[in-house]
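File shown: structure_10.csv (CSV, C-alpha atoms).
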chain,number,residue,atom,x,y,z
A,13,MET,CA,68.3,26.8,101.0
A,14,GLU,CA,64.6,27.1,100.2
A,15,PRO,CA,62.1,26.4,103.0
A,16,ILE,CA,60.6,22.9,102.9
A,17,PRO,CA,57.0,22.9,101.8
A,18,SER,CA,54.9,21.4,104.6
A,19,THR,CA,51.3,20.0,104.6
A,20,ILE,CA,49.1,19.5,107.6
A,21,LEU,CA,46.8,16.5,107.0
A,22,THR,CA,43.8,16.5,109.3
A,23,GLY,CA,40.3,15.0,109.5
A,24,PHE,CA,38.0,13.5,112.1
A,25,LEU,CA,38.3,9.9,113.4
A,26,GLY,CA,38.0,7.3,110.7
A,27,ALA,CA,37.9,9.8,107.9
A,28,GLY,CA,40.6,8.0,105.9
A,29,LYS,CA,43.8,9.9,106.7
A,30,THR,CA,45.8,6.8,107.4
A,31,THR,CA,44.6,5.2,104.1
A,32,LEU,CA,45.7,8.3,102.2
A,33,LEU,CA,49.0,8.4,104.1
A,34,ASN,CA,49.8,4.8,103.4
A,35,ARG,CA,49.3,5.4,99.7
A,36,ILE,CA,51.6,8.4,99.8
A,37,LEU,CA,54.2,6.3,101.7
A,38,HIS,CA,54.2,3.4,99.4
A,39,GLU,CA,53.3,4.8,95.9
A,40,ASP,CA,56.1,5.2,93.4
A,41,HIS,CA,55.7,9.0,92.9
A,42,GLY,CA,59.4,9.9,92.8
A,43,LEU,CA,59.0,12.5,95.6
A,44,ARG,CA,61.0,12.6,98.8
A,45,ILE,CA,58.4,13.2,101.5
A,46,ALA,CA,58.9,13.1,105.2
A,47,VAL,CA,55.6,12.1,107.0
A,48,ILE,CA,55.3,13.0,110.6
A,49,GLU,CA,52.5,11.3,112.5
A,50,ASN,CA,51.6,10.7,116.2
A,51,GLU,CA,51.3,7.0,115.9
A,52,PHE,CA,52.6,5.1,112.9
A,53,GLY,CA,49.7,2.7,113.0
A,54,GLN,CA,49.5,-1.1,112.9
A,55,GLU,CA,50.5,-1.8,109.3
A,56,ASN,CA,53.5,-4.1,109.0
A,57,ILE,CA,56.1,-2.3,106.9
A,58,ASP,CA,59.2,-4.3,107.8
A,59,ASN,CA,59.8,-5.5,104.3
A,60,GLU,CA,59.6,-1.9,103.1
A,61,ILE,CA,62.3,-0.6,105.4
A,62,LEU,CA,65.7,0.4,104.1
A,63,VAL,CA,67.0,2.3,107.2
A,64,ARG,CA,65.6,2.2,110.7
A,65,ASP,CA,66.8,4.5,113.5
A,66,THR,CA,64.9,3.1,116.5
A,67,GLY,CA,66.2,5.9,118.8
A,68,GLU,CA,64.8,8.7,116.6
A,69,GLN,CA,61.8,6.6,115.4
A,70,ILE,CA,62.6,7.4,111.8
A,71,VAL,CA,61.7,4.9,109.0
A,72,GLU,CA,62.9,5.4,105.4
A,73,MET,CA,60.7,3.8,102.7
A,74,ASN,CA,62.0,2.3,99.5
A,75,ASN,CA,60.2,5.0,97.5
A,76,GLY,CA,62.2,7.9,99.0
A,77,CYS,CA,59.6,8.7,101.7
A,78,ILE,CA,60.4,9.0,105.4
A,79,CYS,CA,58.1,8.3,108.3
A,80,CYS,CA,58.8,9.9,111.6
A,81,THR,CA,56.8,8.7,114.6
A,82,VAL,CA,56.3,11.6,117.0
A,83,ARG,CA,54.9,11.4,120.5
A,84,GLY,CA,56.5,14.6,121.7
A,85,ASP,CA,56.8,18.2,120.7
A,86,LEU,CA,56.3,19.0,117.0
A,87,ILE,CA,58.8,21.8,117.0
A,88,VAL,CA,61.5,19.5,118.3
A,89,ALA,CA,60.6,16.9,115.7
A,90,LEU,CA,60.7,19.4,112.8
A,91,ASN,CA,64.0,20.9,113.9
A,92,SER,CA,65.5,17.4,114.4
A,93,LEU,CA,64.5,16.4,110.9
A,94,ALA,CA,65.9,19.6,109.4
A,95,GLN,CA,69.2,19.1,111.3
A,96,LYS,CA,69.6,15.6,110.0
A,97,ARG,CA,68.7,16.7,106.5
A,98,ALA,CA,71.4,19.5,106.7
A,99,ALA,CA,73.9,16.9,107.9
A,100,GLY,CA,73.1,14.6,105.0
A,101,GLU,CA,71.8,11.8,107.3
A,102,ILE,CA,68.4,11.8,105.6
A,103,SER,CA,67.0,13.3,102.4
A,104,PHE,CA,63.5,14.8,101.8
A,105,ASP,CA,62.1,17.9,100.2
A,106,ARG,CA,58.5,17.9,101.5
A,107,VAL,CA,56.8,17.2,104.8
A,108,VAL,CA,53.3,15.9,105.6
A,109,ILE,CA,52.1,16.1,109.2
A,110,GLU,CA,49.2,14.0,110.2
A,111,THR,CA,47.1,15.2,113.2
A,112,THR,CA,45.1,12.9,115.4
A,113,GLY,CA,41.4,12.6,114.6
A,114,LEU,CA,40.4,14.9,117.5
A,115,ALA,CA,43.0,17.5,117.0
A,116,ASN,CA,42.5,21.2,116.5
A,117,PRO,CA,44.7,22.1,113.5
A,118,GLY,CA,45.2,25.7,114.7
A,119,PRO,CA,48.1,25.1,117.1
A,120,VAL,CA,49.8,22.8,114.5
A,121,ALA,CA,49.6,25.6,111.9
A,122,GLN,CA,50.9,28.2,114.5
A,123,THR,CA,54.0,26.0,114.9
A,124,PHE,CA,55.3,27.4,111.6
A,125,PHE,CA,55.2,31.0,112.8
A,126,VAL,CA,56.1,30.9,116.5
A,127,ASP,CA,59.5,29.1,116.3
A,128,GLU,CA,62.4,30.9,114.5
A,129,GLU,CA,64.2,27.7,113.5
A,130,VAL,CA,61.0,26.1,112.1
A,131,GLY,CA,60.2,29.3,110.3
A,132,ALA,CA,63.6,29.4,108.7
A,133,ASN,CA,63.5,25.7,107.5
A,134,TYR,CA,59.9,25.1,106.7
A,135,MET,CA,57.0,26.8,104.8
A,136,LEU,CA,53.4,25.9,105.6
A,137,ASP,CA,52.0,25.0,102.2
A,138,ALA,CA,48.4,24.0,103.1
A,139,VAL,CA,46.0,22.4,105.5
A,140,VAL,CA,44.3,19.4,103.9
A,141,THR,CA,41.2,18.0,105.6
A,142,VAL,CA,39.8,14.5,104.8
A,143,VAL,CA,36.0,14.4,105.4
A,144,ASP,CA,34.0,11.1,105.7
A,145,ALA,CA,31.0,11.5,103.4
A,146,ARG,CA,29.2,8.7,105.2
A,147,HIS,CA,29.4,10.2,108.7
A,148,ALA,CA,30.3,13.9,108.3
A,149,MET,CA,26.8,15.3,108.7
A,150,ASP,CA,26.5,13.8,112.2
A,151,GLN,CA,30.1,14.5,113.1
A,152,LEU,CA,29.8,18.2,112.2
A,153,ASP,CA,26.6,18.4,114.2
A,154,GLN,CA,28.1,16.8,117.3
A,155,HIS,CA,31.8,17.6,117.4
A,156,GLU,CA,33.5,21.1,117.3
A,157,GLU,CA,36.8,19.5,116.4
A,158,ALA,CA,35.2,18.3,113.1
A,159,GLN,CA,34.0,21.8,112.4
A,160,ARG,CA,37.4,23.3,113.2
A,161,GLN,CA,39.1,20.9,110.8
A,162,VAL,CA,36.8,22.0,108.0
A,163,GLY,CA,37.2,25.7,108.9
A,164,PHE,CA,41.0,25.5,108.8
A,165,ALA,CA,41.2,23.6,105.4
A,166,ASP,CA,42.8,25.0,102.3
A,167,LYS,CA,41.7,21.8,100.6
A,168,ILE,CA,39.0,19.3,101.4
A,169,LEU,CA,39.1,15.6,100.3
A,170,LEU,CA,35.9,13.7,100.5
A,171,SER,CA,36.2,10.0,101.4
A,172,LYS,CA,33.7,7.1,101.3
A,173,THR,CA,31.5,8.8,98.7
A,174,ASP,CA,30.8,5.3,97.4
A,175,LEU,CA,28.8,4.6,100.6
A,176,VAL,CA,26.2,7.5,100.0
A,177,ASP,CA,24.1,8.6,97.1
A,178,ALA,CA,24.8,11.6,94.9
A,179,GLY,CA,22.2,13.8,96.7
A,180,ALA,CA,23.8,13.2,100.1
A,181,VAL,CA,27.3,14.1,98.6
A,182,GLU,CA,25.9,17.3,97.1
A,183,ALA,CA,24.2,18.3,100.4
A,184,LEU,CA,27.5,17.7,102.3
A,185,LYS,CA,29.4,19.8,99.7
A,186,THR,CA,26.9,22.6,100.1
A,187,ARG,CA,27.3,22.6,103.8
A,188,LEU,CA,31.1,22.5,103.6
A,189,ARG,CA,31.2,25.4,101.2
A,190,ARG,CA,29.0,27.4,103.5
A,191,MET,CA,31.4,26.7,106.4
A,192,ASN,CA,34.6,27.3,104.3
A,193,PRO,CA,34.0,28.7,100.8
A,194,ARG,CA,37.7,29.1,100.1
A,195,ALA,CA,38.7,25.4,100.2
A,196,PRO,CA,38.3,23.5,96.9
A,197,ILE,CA,36.6,20.0,97.3
A,198,SER,CA,37.6,16.8,95.6
A,199,THR,CA,37.5,13.1,96.4
A,200,SER,CA,39.9,10.6,98.0
A,201,ASP,CA,38.0,7.3,98.1
A,202,PHE,CA,40.2,4.4,99.3
A,203,GLY,CA,43.0,6.8,99.6
A,204,ARG,CA,43.0,7.4,95.8
A,205,ALA,CA,43.7,11.1,95.2
A,206,PRO,CA,46.2,12.7,92.9
A,207,ILE,CA,49.4,13.7,94.7
A,208,SER,CA,48.7,17.2,93.3
A,209,ASP,CA,45.5,17.3,95.5
A,210,VAL,CA,47.7,17.0,98.6
A,211,LEU,CA,51.1,18.6,98.0
A,212,ASP,CA,52.3,21.9,96.5
A,213,LEU,CA,48.9,23.6,96.8
A,214,ARG,CA,50.3,26.9,97.9
A,215,GLY,CA,47.1,27.4,99.8
A,216,PHE,CA,48.5,28.9,103.0
A,217,ASN,CA,51.7,30.8,102.3
A,218,LEU,CA,51.7,34.4,101.1
A,219,ASN,CA,52.4,34.9,97.4
A,220,ASP,CA,51.6,37.4,94.8
A,221,LYS,CA,49.5,35.0,92.8
A,222,LEU,CA,46.9,34.7,95.6
A,223,GLU,CA,43.4,35.8,94.5
A,224,LEU,CA,40.0,35.3,96.0
A,225,ASP,CA,37.1,34.4,93.7
A,226,PRO,CA,34.7,37.3,94.0
A,227,ASP,CA,31.7,34.9,93.6
A,228,PHE,CA,32.9,32.0,95.7
A,229,LEU,CA,30.0,32.3,98.1
A,230,LEU,CA,27.3,32.4,95.5
A,231,LEU,CA,26.5,28.7,95.8
A,232,GLU,CA,24.2,26.8,93.5
A,233,ASP,CA,21.4,27.0,96.0
A,234,ALA,CA,21.9,30.6,96.9
A,235,HIS,CA,19.5,31.9,94.3
A,236,ASP,CA,16.9,29.2,94.6
A,237,HIS,CA,14.9,31.1,97.1
A,238,ASP,CA,14.0,34.6,98.3
A,239,HIS,CA,14.7,35.9,101.7
A,240,ASP,CA,15.0,39.2,103.4
A,241,HIS,CA,18.7,40.0,104.1
A,242,GLY,CA,17.8,42.4,106.9
A,243,HIS,CA,20.6,44.7,105.9
A,244,GLU,CA,20.6,48.2,104.5
A,245,HIS,CA,22.8,48.8,101.4
A,246,GLY,CA,25.0,51.7,102.4
A,247,GLU,CA,27.6,53.5,100.3
A,248,HIS,CA,30.4,51.3,101.7
A,249,CYS,CA,28.6,48.0,101.0
A,250,ALA,CA,28.5,46.3,97.7
A,251,HIS,CA,25.4,44.2,97.1
A,252,ASP,CA,27.1,41.0,96.2
A,253,HIS,CA,29.1,41.0,99.5
A,254,VAL,CA,26.0,41.5,101.5
A,255,HIS,CA,24.2,38.8,99.6
A,256,SER,CA,27.0,36.4,100.1
A,257,GLU,CA,27.3,37.1,103.8
A,258,ALA,CA,23.6,36.5,104.4
A,259,CYS,CA,23.8,33.1,102.5
A,260,THR,CA,26.4,31.8,104.9
A,261,THR,CA,24.3,32.2,108.0
A,262,GLN,CA,20.7,31.7,107.1
A,263,ASP,CA,19.1,28.2,107.4
A,264,HIS,CA,17.7,27.3,104.0
A,265,HIS,CA,14.5,25.4,103.6
A,266,HIS,CA,16.3,22.2,102.8
A,267,SER,CA,18.9,22.4,105.6
A,268,HIS,CA,18.5,22.1,109.3
A,269,HIS,CA,22.2,22.3,110.3
A,270,THR,CA,23.5,25.2,112.2
A,271,ASP,CA,27.3,25.3,112.4
A,272,ASP,CA,29.3,27.4,114.9
A,273,ILE,CA,32.0,27.5,112.3
A,274,ALA,CA,31.0,29.8,109.4
A,275,ALA,CA,32.5,32.2,106.8
A,276,PHE,CA,31.7,35.7,105.7
A,277,VAL,CA,33.2,38.0,103.1
A,278,PHE,CA,34.0,41.7,102.8
A,279,LYS,CA,34.4,43.3,99.4
A,280,ASN,CA,34.7,46.9,98.4
A,281,GLU,CA,36.1,49.0,95.6
A,282,ARG,CA,37.4,51.8,97.9
A,283,ALA,CA,40.9,51.7,99.1
A,284,PHE,CA,41.8,51.1,102.8
A,285,ASP,CA,43.6,53.6,105.0
A,286,PRO,CA,46.6,51.5,106.0
A,287,GLU,CA,47.0,52.9,109.6
A,288,ARG,CA,43.3,52.6,110.4
A,289,LEU,CA,43.1,49.1,109.0
A,290,ASP,CA,46.1,47.9,110.9
A,291,GLN,CA,44.7,49.3,114.2
A,292,PHE,CA,41.3,47.7,113.6
A,293,LEU,CA,42.5,44.3,112.6
A,294,GLY,CA,45.0,44.3,115.5
A,295,SER,CA,42.2,45.1,117.9
A,296,MET,CA,40.0,42.3,116.4
A,297,VAL,CA,42.7,39.8,116.7
A,298,GLN,CA,43.3,40.8,120.3
A,299,VAL,CA,39.6,40.3,121.2
A,300,PHE,CA,38.5,37.5,118.8
A,301,GLY,CA,41.8,35.8,117.9
A,302,PRO,CA,41.0,32.4,119.5
A,303,GLN,CA,37.7,32.3,117.5
A,304,MET,CA,39.4,33.4,114.2
A,305,LEU,CA,40.4,30.1,112.5
A,306,ARG,CA,41.5,31.5,109.2
A,307,TYR,CA,41.4,34.8,107.4
A,308,LYS,CA,42.9,35.9,104.2
A,309,GLY,CA,42.5,38.7,101.6
A,310,VAL,CA,43.9,40.8,98.7
A,311,LEU,CA,43.7,44.4,99.6
A,312,SER,CA,43.8,47.8,97.9
A,313,MET,CA,45.7,50.3,100.0
A,314,ALA,CA,45.5,54.1,99.5
A,315,GLY,CA,48.6,55.3,97.6
A,316,ALA,CA,49.9,51.8,96.9
A,317,GLU,CA,50.8,50.6,93.5
A,318,ARG,CA,50.9,47.0,94.6
A,319,LYS,CA,48.3,44.7,96.0
A,320,VAL,CA,48.7,43.8,99.7
A,321,VAL,CA,48.1,40.1,100.5
A,322,PHE,CA,47.3,39.3,104.1
A,323,GLN,CA,46.3,36.2,106.1
A,324,GLY,CA,46.3,34.9,109.6
A,325,VAL,CA,45.5,32.0,111.9
A,326,HIS,CA,44.1,32.8,115.4
A,327,GLN,CA,46.3,35.7,116.8
A,328,ILE,CA,49.1,35.3,114.2
A,329,MET,CA,48.6,37.7,111.3
A,330,GLY,CA,50.9,38.7,108.5
A,331,SER,CA,51.0,40.6,105.2
A,332,ASP,CA,53.1,40.9,102.1
A,333,LEU,CA,53.3,42.9,98.9
A,334,GLY,CA,51.7,41.2,95.9
A,335,ALA,CA,51.7,42.0,92.3
A,336,LYS,CA,51.3,45.5,90.8
A,337,TRP,CA,47.8,46.6,89.9
A,338,GLY,CA,47.3,46.5,86.2
A,339,GLU,CA,46.7,49.7,84.3
A,340,ASP,CA,43.1,48.7,83.4
A,341,GLU,CA,42.5,46.4,86.4
A,342,PRO,CA,39.7,47.5,88.8
A,343,ARG,CA,41.2,48.0,92.3
A,344,SER,CA,39.2,46.4,95.0
A,345,SER,CA,39.6,44.6,98.3
A,346,LYS,CA,38.4,41.0,99.0
A,347,MET,CA,38.6,39.4,102.4
A,348,VAL,CA,37.3,36.2,103.9
A,349,PHE,CA,37.0,35.4,107.6
A,350,ILE,CA,36.3,31.9,108.8
A,351,GLY,CA,35.7,31.5,112.5
A,352,LYS,CA,33.6,30.3,115.4
A,353,ASN,CA,30.6,32.6,116.2
A,354,LEU,CA,32.4,35.7,114.9
A,355,PRO,CA,30.3,38.9,115.1
A,356,LYS,CA,30.1,39.6,111.4
A,357,ASP,CA,28.4,43.0,111.8
A,358,VAL,CA,31.2,44.3,114.1
A,359,PHE,CA,33.9,43.2,111.6
A,360,ILE,CA,32.1,44.7,108.5
A,361,ARG,CA,31.2,48.0,110.2
A,362,GLY,CA,34.8,48.3,111.4
A,363,LEU,CA,36.2,47.5,108.0
A,364,GLU,CA,33.9,50.1,106.4
A,365,GLN,CA,35.3,52.7,108.8
A,366,CYS,CA,38.8,51.9,107.6
A,367,LEU,CA,38.1,52.9,104.0
A,368,VAL,CA,39.3,56.3,102.7
Would you mind writing the structure in this file as structure tokens?
Amino acid sequence: MEPIPSTILTGFLGAGKTTLLNRILHEDHGLRIAVIENEFGQENIDNEILVRDTGEQIVEMNNGCICCTVRGDLIVALNSLAQKRAAGEISFDRVVIETTGLANPGPVAQTFFVDEEVGANYMLDAVVTVVDARHAMDQLDQHEEAQRQVGFADKILLSKTDLVDAGAVEALKTRLRRMNPRAPISTSDFGRAPISDVLDLRGFNLNDKLELDPDFLLLEDAHDHDHDHGHEHGEHCAHDHVHSEACTTQDHHHSHHTDDIAAFVFKNERAFDPERLDQFLGSMVQVFGPQMLRYKGVLSMAGAERKVVFQGVHQIMGSDLGAKWGEDEPRSSKMVFIGKNLPKDVFIRGLEQCLV
């Protein structure tokens, strides 16, 4: 049986997660979705209930969705749902897990990799973060949890954009892209977002279709000003990667926000030595793992005819073989690291030393 695609829905207090969840729970989309949340909320859904198991706190909606109220361990809840599904007691083919507004999504994501039964039954599809356009700037300034939620995101949904002007929305988008350039941004005002913006994103799992946009850090404002990068261009260092890295960390003239969570990119056309790279990344994960929110890349390995796709969250790192390199396709490696106060220079110098 194929693993069940699972989505982690996160966002700071009041961002609009519950509004979006209620729409998913009640909309006639034809999908069988199990929603796991810490507290179901205060909405009265009695007239929507078909089956209620008060002992297990599972509610089945009339549109095929299931809501499971969890106040205990997530691993236990996921395994319980999988067992009931296998026994034919309930039916669903997707899972959405809502975190609390102050939660760090990291441990939730790690759940899918640290328990054998969960790993056999579920596949982490994506982390979707709802961001309140009206209050996000202040929340990102004041709360590390809000920054972590953005840093972990595979997809960002902006809510309450009707409460701010277009300039404020663009300024927020620029900041979010600087913090997490690999997460596409769209809107979810009043919970209205296409189901395709939440489910089946294939943003987290390893697959041979994964590619990284080589220009994803070249933001609209990145070329509007001149500044000294303070970096020598050596033989291992492509200009665009250095330019991109600098633009993630400098304070631009129109922005006064300094975020602990930031991204940087490594790109190079030379192949990696597999053994040296494995040793280096392993040592970095040992030292900086708690600060490494997300990292992902498509790699060219010496002597390999296939791309190597790798990703990780905190200390958990994995890789897989991707598609074959095309005959005329330029071989290169592209990696993005998103983390809290990561020493970019240490990572980049170390990666350069792993090239053949």
- Near region 119-135 of chain A, counting all atoms listed in the file, which residues have an atom at most 8 Å away, once you skip same-chain residues fewer than 6 positions from it, shown as an MDAnalysis selection string? chainID A and resid 14:18 20 86:87 90:91 94 217 325 328
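Using only C-alpha atoms, the smallest distance between any of A:Ile109, A:Val277, A:Leu21, A:Leu211 and Thr141 (chain A) comes from A:Leu21.
CA of Val140 (chain A) is found 6.7 Å from CA of Val210 (chain A).
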- Query: Within 8 Å of Ser312 (chain A), counting all atoms listed in the file, which residues qualify if same-chain residues fewer than 4 places away don't, as a list in words?
  - Reply: Arg282, Ala283, Phe284, Ala316, Arg318, Lys319, Val320, Arg343, Ser344 and Ser345 of chain A
- Message: List as a count of residues only the protein and nucleic acid residues near region 102-107 of chain A, meaning an atom at most 8 Å away when all atoms listed in the file are counted, but skip any in the same chain fewer than 3 places from it.
- Response: 16
- Query: Quick one, how far is CA of Leu33 (chain A) from CA of Val143 (chain A)?
  - Reply: 14.4 Å
- Message: Nearest residue to Met304 (chain A) out of A:Ala335, A:Gly118, A:Arg189, A:Val358, using only C-alpha atoms?
- Response: A:Gly118
- Message: I need the residue nearest Gly324 (chain A) from this list: A:Phe216, A:Phe300, A:Pro286, A:Lys29. Use all atoms listed in the file for the distance.
- Response: A:Phe216
- A:Gln298, A:Gln291, A:Gln303, A:Ser171 ranked by distance to Gly362 (chain A), top pick (using all atoms listed in the file):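 Nearest candidate to Gly362 (chain A) out of A:Gln298, A:Gln291, A:Gln303, A:Ser171: A:Gln291.
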- Task: Give me, please, the distance in Å between CA of Asn280 (chain A) and CA of Ala314 (chain A), quoted to one decimal.
- Result: 13.0 Å
- Item | A:Phe164, A:Tyr307, A:Phe278, A:Phe24 ranked by distance to Ser331 (chain A), top pick (using all atoms listed in the file) |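 With all atoms listed in the file as the atom set, the closest residue is A:Tyr307.
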- Which one is closest to Leu114 (chain A): A:Glu157, A:Asp271, A:Asp209, A:Glu364? Count all atoms listed in the file.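 Checking each candidate against Leu114 (chain A), we get A:Glu157 as the closest.
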- Extract, using only C-alpha atoms, all DNA, RNA and protein residues at most 7 Å from Asn353 (chain A), discarding same-chain residues fewer than 2 positions from it, and format them as a count of residues only. 4
